[in-house]
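Take a look at the structure set out below.
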Amino acid sequence: MKTAEDIVKAVADAVDSPASRDVVLKFAVQILKEERKVYDWCGIYLLEGDMLVLHNYIGKHTDHTHIPIGKGVCGAAVAQQANQIVADVTKLDNYLACSIETRAEIVVLIRRGTEIFGQIDIDSDIENAFTSQDEELLTSVCDQLARRF
Ligand code: SME
């Protein structure tokens, strides 16, 4: 298992490489999915107007390819301009289910100041799977990705 530092370094190197933004965004999802066992579904949504559009993901099929601002955990992150950590999604009203096995979810914004470009969304089948360490790792990854917007 790579350390958070190693993961961020690998993403930073990809951002600095000649690879296209699409390739870099896919690489970030891939390395997070591979390196963290509890990350059962990893994806990136990009903000297009007032809609979050699914860019790429690894995990079970989801119907939620387009999410309006304010809807679900993903839409709430944009509406509140704040990352979201949900310990148990079954206790949430404003939740868009992607898989019935999902228990916990974390959403971290790809942003520069108040400008939001998108988000990394991760689901886990384990309740309370995400800690402030996950938020730190994902924030560092998002900070790197934001350099491509
Ligand atoms: N659960 C998210 C929707 C995205 S799927 O989990 C992939 C939400 O409530 O916004």
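Ordering of the structure tokens sets the chain letters (A, B, ...), residue numbers begin anew at 1 in every chain, and ligands are numbered from 1 in the order given.
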Could you build a table of the residues in chain A lying no more than 8 Å from ligand 1, giving for each the nearest pair of atoms and their separation in Å rounded to one decimal place, using only C-alpha atoms and all ligand atoms, ordered by chain and ascending residue number, as a tab-separated table?
residue	atom	partner	partner_atom_place_in_ligand_line	distance
A:Trp41	CA	ligand 1	7 (C)	7.1
A:Cys42	CA	ligand 1	7 (C)	7.9
A:Gly43	CA	ligand 1	7 (C)	7.2
A:Thr62	CA	ligand 1	7 (C)	5.5
A:Asp63	CA	ligand 1	7 (C)	7.8
A:His64	CA	ligand 1	4 (C)	5.7
A:Thr65	CA	ligand 1	4 (C)	7.9
A:Ile67	CA	ligand 1	10 (O)	7.1
A:Lys71	CA	ligand 1	10 (O)	6.4
A:Gly72	CA	ligand 1	10 (O)	3.6
A:Val73	CA	ligand 1	10 (O)	3.7
A:Cys74	CA	ligand 1	10 (O)	3.7
A:Gly75	CA	ligand 1	10 (O)	5.9
A:Ala76	CA	ligand 1	10 (O)	7.5
A:Asn94	CA	ligand 1	9 (O)	6.7
A:Tyr95	CA	ligand 1	9 (O)	3.9
A:Leu96	CA	ligand 1	9 (O)	3.7
A:Ala97	CA	ligand 1	1 (N)	5.1
A:Cys98	CA	ligand 1	5 (S)	4.4
A:Ser99	CA	ligand 1	6 (O)	7.2
A:Thr102	CA	ligand 1	6 (O)	7.9
A:Glu105	CA	ligand 1	1 (N)	7.0
A:Asp121	CA	ligand 1	7 (C)	7.1
A:Ile122	CA	ligand 1	6 (O)	7.3
A:Asp123	CA	ligand 1	6 (O)	6.2
Give me the residues within 12 Å of Val24 in chain A as an MDAnalysis selection string, counting only C-alpha atoms and dropping any in the same chain fewer than 3 places off. chainID A and resid 10:21 27:31 44 55:56 141:142 144:149
Could you list, as an MDAnalysis selection string, every residue within 7 Å of range 136-140 of chain A, counting only C-alpha atoms and ignoring same-chain residues fewer than 4 positions away? chainID A and resid 4 8 108 132 144
When you look at Met51 in chain A with a cut-off of 9 Å (counting only C-alpha atoms), what residues show up, excluding the ones that are within fewer than 3 positions of it in the same chain? I need them as a PyMOL selection string. chain A and resi 46-48+66-69+75
Could you turn the residues from that selection into a file that holds N, CA and C atoms, as a PDB file, in the first residue's frame?
ATOM      1  N   LEU A  46     -17.311  16.158 -12.908  1.00  0.00           N
ATOM      2  CA  LEU A  46     -16.917  17.520 -13.265  1.00  0.00           C
ATOM      3  C   LEU A  46     -18.155  18.411 -13.303  1.00  0.00           C
ATOM      4  N   LEU A  47     -17.989  19.649 -12.878  1.00  0.00           N
ATOM      5  CA  LEU A  47     -19.102  20.591 -12.843  1.00  0.00           C
ATOM      6  C   LEU A  47     -19.246  21.253 -14.211  1.00  0.00           C
ATOM      7  N   GLU A  48     -20.399  21.026 -14.831  1.00  0.00           N
ATOM      8  CA  GLU A  48     -20.690  21.655 -16.121  1.00  0.00           C
ATOM      9  C   GLU A  48     -21.956  22.480 -15.949  1.00  0.00           C
ATOM     10  N   HIS A  66     -25.467  12.217 -14.019  1.00  0.00           N
ATOM     11  CA  HIS A  66     -25.711  13.664 -14.002  1.00  0.00           C
ATOM     12  C   HIS A  66     -26.417  14.015 -12.693  1.00  0.00           C
ATOM     13  N   ILE A  67     -25.788  14.858 -11.887  1.00  0.00           N
ATOM     14  CA  ILE A  67     -26.359  15.202 -10.581  1.00  0.00           C
ATOM     15  C   ILE A  67     -26.465  16.727 -10.473  1.00  0.00           C
ATOM     16  N   PRO A  68     -27.682  17.256 -10.284  1.00  0.00           N
ATOM     17  CA  PRO A  68     -27.831  18.708 -10.136  1.00  0.00           C
ATOM     18  C   PRO A  68     -27.239  19.202  -8.811  1.00  0.00           C
ATOM     19  N   ILE A  69     -26.766  20.439  -8.786  1.00  0.00           N
ATOM     20  CA  ILE A  69     -26.255  21.046  -7.552  1.00  0.00           C
ATOM     21  C   ILE A  69     -27.344  20.957  -6.477  1.00  0.00           C
ATOM     22  N   GLY A  75     -24.086  16.640  -4.838  1.00  0.00           N
ATOM     23  CA  GLY A  75     -24.650  17.968  -5.108  1.00  0.00           C
ATOM     24  C   GLY A  75     -24.577  18.882  -3.898  1.00  0.00           C
TER      25      GLY A  75
END
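Among the candidate residues A:Val86, A:Ile100, A:Leu25, A:Val38, the one lying nearest to Gln119 in chain A is A:Leu25, with distances computed using only C-alpha atoms.
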Give me, as a PyMOL selection string, the residues of chain A that a backbone DSSP run labels helix (DSSP H, G or I). chain A and resi 4-16+21-35+72-80+89-91+132-146
For CA of Leu92 in chain A and CA of Asn128 in chain A, the interatomic separation in Å (one decimal):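 Straight-line distance from CA of Leu92 in chain A to CA of Asn128 in chain A works out to 13.5 Å.
Taking range 103-132 of chain A and asking which residues DSSP calls strand (DSSP E) on the backbone, you get A:Ala104, A:Glu105, A:Ile106, A:Val107, A:Val108, A:Leu109, A:Ile110, A:Arg111, A:Arg112, A:Glu115, A:Ile116, A:Phe117, A:Gly118, A:Gln119, A:Ile120, A:Asp121, A:Ile122, A:Asp123, A:Ser124.
Take the candidates A:Asp6, A:Asp88, A:Glu135, A:Asp50 and check each one against Gly118 in chain A using only C-alpha atoms; the shortest distance goes to A:Asp50.
Once Ala82 in chain A and its same-chain neighbours fewer than 2 positions away are set aside, Ala76, Ala77, Val78, Ala79, Gln80, Gln84, Val107, Val108 and Leu109 of chain A remain within 9 Å of it when counting only C-alpha atoms.
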To one decimal place, how far is CA of Val23 in chain A from CA of Leu52 in chain A in Å?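 Separation of CA of Val23 in chain A and CA of Leu52 in chain A: 18.9 Å.
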